[in-house]
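The structure under discussion appears below in the form of structure tokens.
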Amino acid sequence: MEAVADDPLTIHEISAETGISYSTAHRIISVLAEKHYLTLNSDKRYGLGSRIVALGFSAHQQIDIVKVAHPYLKDLAEKTSDTVHFARIEDNEVMYLDKVRSTRPIEISSRIGGRKPLVTTGVGKALLLDKSDQELTYYLDRSLDQLENSLDRAAWMSTMTTYRSNGYAFDFGEDEPSIRCIAVPVYDGSGGIVAAVSVSSTIEYMPESRMHELIAEVSQTAEKISECLGGRGKARRA
């Protein structure tokens with residue numbers, strides 16, 4: 001099944017790819033095709049069958065994304081000594097799924113289950129990195145009603161274009177003036193963003209230079225979680 005995951009192959013090609021003899025490959029393929037794990041195309045090549053799709057959806061539904069992510073979030077918090085958040089989009093807002101507190105003598109006003117605007121938080125912006133300009137405008141329009149401070153629409157869109165290209169997002173105090181944050185998206189097997197990881201601290205511990213230094217560390221954590229969900233990390237490291 002792994003041999004034909006990218007492109008359908010003939011039995012001879014599958015035999016060569018796997019190192020299994022032709023007769024053994026033929027026997028295994030026949031059983032897998034009968035059970036709909038493989039399907040025979042019109043050009044006599046075998047590809048993945050409908051049963052694989054069904055199992056994929058079942059596996060996806062059984063994954064507890066927070067349970068999967070938490071060990072990696074805890075490890076990231078230990079390495080950085082900062083607060084680590086794990087979040088997703090819920091009703092046009094950021095919803096925090098998990099939080100590992102900082103070991104520093106500070107407290108960040110967030111809680112598991114709590115919500116924040118998408119367009120000002122670092123983790124919120126990271127969650128939007130796979131959105132089109134039209135979709136970004138949609139989320140921006142719905143977030144503006146929640147914001148007490150003014151937001152330059154053109155500047156925000158320009159910044160999001162840069163973040164989208166880089167694969168990560170910053171919060172330079174747009175949500176809370178004293179807080180700085182670096183965030184990276186998490187992808188599932190469909191290639192879409194399903195969550196985001198962030199490291200946050202006060203400006204005292206998080207100057208801009210350190211934010212850039214943390215990109216690689218946060219990206220590695222996001223990539224590990226993505227791999228557990230069947231995705232591949234797409235973050236670019238500075």
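For the structure tokens, the naming scheme is as follows: chains receive sequential letters (A, B, ...) according to their order of presentation, residues are indexed from 1 within each chain, and ligands are indexed from 1 in presentation order.
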
**Asked** Can you list, as a ChimeraX atom specification, every residue of range 15-164 of chain A that DSSP puts in strand (DSSP E or B)?
**Response** /A:38-40,46-48,83-90,93-100,115-117

Within 10 Å of range 214-230 of chain A, which residues of range 37-155 of chain A come that close, and what is the closest atom pair and distance in Å for each? Count only C-alpha atoms and give it as a Markdown table.
```
| residue | atom | partner | partner_atom | distance |
| --- | --- | --- | --- | --- |
| A:Gly56 | CA | A:Gly230 | CA | 9.7 |
| A:Ala59 | CA | A:Leu229 | CA | 9.5 |
| A:His60 | CA | A:Leu229 | CA | 7.6 |
| A:Ile63 | CA | A:Leu229 | CA | 7.7 |
| A:Asp64 | CA | A:Leu229 | CA | 9.7 |
| A:Ile65 | CA | A:Leu229 | CA | 7.8 |
| A:Val66 | CA | A:Ile225 | CA | 9.8 |
| A:Val68 | CA | A:Ile225 | CA | 7.1 |
| A:Ala69 | CA | A:Ile225 | CA | 5.7 |
| A:His70 | CA | A:Ile225 | CA | 9.2 |
| A:Pro71 | CA | A:Ile225 | CA | 9.6 |
| A:Tyr72 | CA | A:Thr221 | CA | 6.1 |
| A:Leu73 | CA | A:Thr221 | CA | 7.3 |
| A:Asp75 | CA | A:Thr221 | CA | 8.7 |
| A:Leu76 | CA | A:Thr221 | CA | 7.0 |
| A:Ala77 | CA | A:Val218 | CA | 10.0 |
| A:Lys79 | CA | A:Glu217 | CA | 8.8 |
| A:Thr80 | CA | A:Leu214 | CA | 8.4 |
| A:Val84 | CA | A:Val218 | CA | 9.6 |
| A:Phe86 | CA | A:Ala222 | CA | 9.8 |
```

Include N, CA and C atoms and write out the residues we just selected as a compact mmCIF listing (two decimals), in the first residue's frame.
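Written file, out-v8.txt:
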```txt
# COMPACT_ATOMS: atom_id res chain seq x y z
N GLY A 56 -8.79 6.00 6.93
CA GLY A 56 -8.13 7.28 7.19
C GLY A 56 -9.02 8.22 7.97
N ALA A 59 -9.34 6.90 11.57
CA ALA A 59 -8.14 7.19 12.36
C ALA A 59 -8.09 8.65 12.74
N HIS A 60 -8.45 9.53 11.79
CA HIS A 60 -8.44 10.97 12.05
C HIS A 60 -9.40 11.32 13.18
N ILE A 63 -8.10 10.44 16.76
CA ILE A 63 -6.95 11.16 17.30
C ILE A 63 -7.41 12.26 18.25
N ASP A 64 -6.92 12.23 19.46
CA ASP A 64 -7.14 13.33 20.40
C ASP A 64 -5.98 14.29 20.21
N ILE A 65 -6.24 15.38 19.49
CA ILE A 65 -5.16 16.27 19.08
C ILE A 65 -4.42 16.87 20.28
N VAL A 66 -5.13 17.15 21.36
CA VAL A 66 -4.48 17.72 22.54
C VAL A 66 -3.59 16.67 23.21
N VAL A 68 -2.17 14.18 21.78
CA VAL A 68 -1.01 13.99 20.90
C VAL A 68 0.00 15.12 21.09
N ALA A 69 -0.50 16.34 21.15
CA ALA A 69 0.37 17.51 21.17
C ALA A 69 1.03 17.77 22.52
N HIS A 70 0.37 17.43 23.61
CA HIS A 70 0.81 17.89 24.94
C HIS A 70 2.27 17.55 25.27
N PRO A 71 2.76 16.33 25.03
CA PRO A 71 4.17 16.05 25.37
C PRO A 71 5.14 16.99 24.64
N TYR A 72 4.82 17.32 23.41
CA TYR A 72 5.69 18.22 22.64
C TYR A 72 5.60 19.65 23.17
N LEU A 73 4.40 20.05 23.58
CA LEU A 73 4.22 21.39 24.15
C LEU A 73 4.98 21.51 25.47
N ASP A 75 7.60 19.80 26.39
CA ASP A 75 9.04 19.82 26.09
C ASP A 75 9.47 21.20 25.62
N LEU A 76 8.64 21.84 24.78
CA LEU A 76 8.97 23.18 24.29
C LEU A 76 8.99 24.18 25.44
N ALA A 77 8.04 24.06 26.37
CA ALA A 77 8.00 24.97 27.52
C ALA A 77 9.23 24.79 28.40
N LYS A 79 12.19 23.79 27.40
CA LYS A 79 13.36 24.30 26.68
C LYS A 79 13.43 25.82 26.68
N THR A 80 12.27 26.47 26.63
CA THR A 80 12.24 27.92 26.51
C THR A 80 12.00 28.66 27.82
N VAL A 84 3.63 28.24 26.74
CA VAL A 84 3.33 27.63 25.44
C VAL A 84 1.83 27.44 25.31
N PHE A 86 -1.48 26.13 22.69
CA PHE A 86 -1.91 25.30 21.57
C PHE A 86 -3.36 25.69 21.31
```

**Item:** Glu90 in chain A surroundings by only C-alpha atoms, 12 Å radius, close-in-sequence under 3 positions cut, as a ChimeraX atom specification
**Value:** /A:87,93-97,113-118,124,127,139,194-195

Can you write out the residues you just picked, keeping N, CA and C atoms, as an mmCIF file, in the first residue's frame?
```cif
data_model
loop_
_atom_site.group_PDB
_atom_site.id
_atom_site.type_symbol
_atom_site.label_atom_id
_atom_site.label_comp_id
_atom_site.auth_asym_id
_atom_site.auth_seq_id
_atom_site.Cartn_x
_atom_site.Cartn_y
_atom_site.Cartn_z
ATOM 1 N N ALA A 87 -3.675 26.079 20.073
ATOM 2 C CA ALA A 87 -4.991 26.649 19.811
ATOM 3 C C ALA A 87 -5.509 26.294 18.427
ATOM 4 N N GLU A 93 -12.719 32.931 16.117
ATOM 5 C CA GLU A 93 -11.833 33.356 17.207
ATOM 6 C C GLU A 93 -10.761 32.294 17.450
ATOM 7 N N VAL A 94 -9.739 32.674 18.188
ATOM 8 C CA VAL A 94 -8.779 31.706 18.707
ATOM 9 C C VAL A 94 -9.390 31.038 19.930
ATOM 10 N N MET A 95 -9.349 29.723 19.985
ATOM 11 C CA MET A 95 -9.726 29.020 21.209
ATOM 12 C C MET A 95 -8.516 28.221 21.687
ATOM 13 N N TYR A 96 -8.116 28.432 22.944
ATOM 14 C CA TYR A 96 -6.956 27.753 23.487
ATOM 15 C C TYR A 96 -7.324 26.324 23.903
ATOM 16 N N LEU A 97 -6.637 25.366 23.292
ATOM 17 C CA LEU A 97 -6.865 23.959 23.589
ATOM 18 C C LEU A 97 -5.984 23.462 24.728
ATOM 19 N N GLY A 113 -9.625 26.829 26.934
ATOM 20 C CA GLY A 113 -11.026 27.097 26.650
ATOM 21 C C GLY A 113 -11.321 28.566 26.422
ATOM 22 N N GLY A 114 -10.360 29.415 26.784
ATOM 23 C CA GLY A 114 -10.532 30.854 26.587
ATOM 24 C C GLY A 114 -10.406 31.231 25.126
ATOM 25 N N ARG A 115 -10.870 32.440 24.793
ATOM 26 C CA ARG A 115 -10.872 32.881 23.400
ATOM 27 C C ARG A 115 -10.254 34.264 23.271
ATOM 28 N N LYS A 116 -9.670 34.476 22.086
ATOM 29 C CA LYS A 116 -9.032 35.753 21.776
ATOM 30 C C LYS A 116 -9.287 36.073 20.304
ATOM 31 N N PRO A 117 -9.104 37.349 19.922
ATOM 32 C CA PRO A 117 -9.245 37.694 18.499
ATOM 33 C C PRO A 117 -8.187 37.003 17.649
ATOM 34 N N LEU A 118 -8.560 36.600 16.450
ATOM 35 C CA LEU A 118 -7.625 35.952 15.543
ATOM 36 C C LEU A 118 -6.551 36.903 15.037
ATOM 37 N N GLY A 124 -3.270 33.275 16.627
ATOM 38 C CA GLY A 124 -4.390 33.492 15.714
ATOM 39 C C GLY A 124 -3.925 33.735 14.295
ATOM 40 N N LEU A 127 -2.800 30.613 12.616
ATOM 41 C CA LEU A 127 -3.930 29.777 12.192
ATOM 42 C C LEU A 127 -4.496 30.210 10.842
ATOM 43 N N TYR A 139 -12.081 37.202 7.884
ATOM 44 C CA TYR A 139 -11.757 37.092 9.310
ATOM 45 C C TYR A 139 -11.430 38.455 9.915
ATOM 46 N N VAL A 194 -4.752 22.937 11.187
ATOM 47 C CA VAL A 194 -5.777 22.520 12.142
ATOM 48 C C VAL A 194 -5.539 23.092 13.536
ATOM 49 N N ALA A 195 -4.355 23.613 13.776
ATOM 50 C CA ALA A 195 -4.017 24.168 15.086
ATOM 51 C C ALA A 195 -2.743 24.995 14.927
#
```

**Request:** Kindly indicate which residue among A:Ser109, A:Ser23, A:Leu55, A:Pro8 lies nearest to Asn41 in chain A, using only C-alpha atoms for the distances.
**Result:** A:Pro8

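CA of Ile179 in chain A sits 26.9 Å away from CA of Lys67 in chain A.
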
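Checking A:Ser158, A:Ser190, A:Thr202, A:Thr121 one by one against Ser178 in chain A, counting only C-alpha atoms, you find the shortest gap at A:Thr202.
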
**Request:** Tell me which of A:Thr83, A:Thr18, A:Thr161, A:Ser132 sits closest to Cys181 in chain A, counting only C-alpha atoms.
**Result:** A:Thr83

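Using only C-alpha atoms, the smallest distance between any of A:Lys131, A:Arg88, A:Leu40, A:Arg180 and Ser209 in chain A comes from A:Arg180.
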
**Residues of range 6-51 of chain A in alpha helix (DSSP H), written as a ChimeraX atom specification** = /A:11-18,22-34,50-51

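Going from CA of Ser165 in chain A over to CA of Val184 in chain A, you cover 12.2 Å.
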
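Between CA of Gly231 in chain A and CA of Gly192 in chain A the interatomic distance comes to 8.3 Å.
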
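Near Ser21 in chain A, within 10 Å and counting only C-alpha atoms, sit Ile11, His12, Ile14 and Ser15 of chain A, not including residues fewer than 6 positions from it in the same chain.
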
Can you pull out every residue within 10 Å of Met157 in chain A, counting only C-alpha atoms, but drop anything in the same chain fewer than 6 positions away, and send it as a short mmCIF file (atom, residue, chain, number, x, y, z; two decimals) with N, CA and C atoms, in the first residue's frame?
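Resulting contents of out-v7.cif:
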```
data_model
loop_
_atom_site.label_atom_id
_atom_site.label_comp_id
_atom_site.auth_asym_id
_atom_site.auth_seq_id
_atom_site.Cartn_x
_atom_site.Cartn_y
_atom_site.Cartn_z
N VAL A 119 -6.94 38.13 14.73
CA VAL A 119 -6.07 39.00 13.93
C VAL A 119 -4.99 39.72 14.73
N ASP A 133 -6.40 35.76 0.42
CA ASP A 133 -6.62 37.17 0.77
C ASP A 133 -8.10 37.42 1.04
N LEU A 136 -8.82 36.08 4.45
CA LEU A 136 -8.22 36.95 5.47
C LEU A 136 -9.10 38.18 5.70
N THR A 137 -9.61 38.75 4.62
CA THR A 137 -10.51 39.91 4.74
C THR A 137 -11.76 39.54 5.53
N LEU A 140 -10.78 39.30 9.15
CA LEU A 140 -10.45 40.63 9.63
C LEU A 140 -11.72 41.43 9.93
N TYR A 163 4.08 36.84 6.64
CA TYR A 163 4.00 35.68 7.52
C TYR A 163 3.62 34.42 6.74
#
```

**Contacts of Met160 in chain A within 9 Å, only C-alpha atoms, excl. fewer than 6 positions in-chain, as a ChimeraX atom specification** = /A:125,128-129,136,169
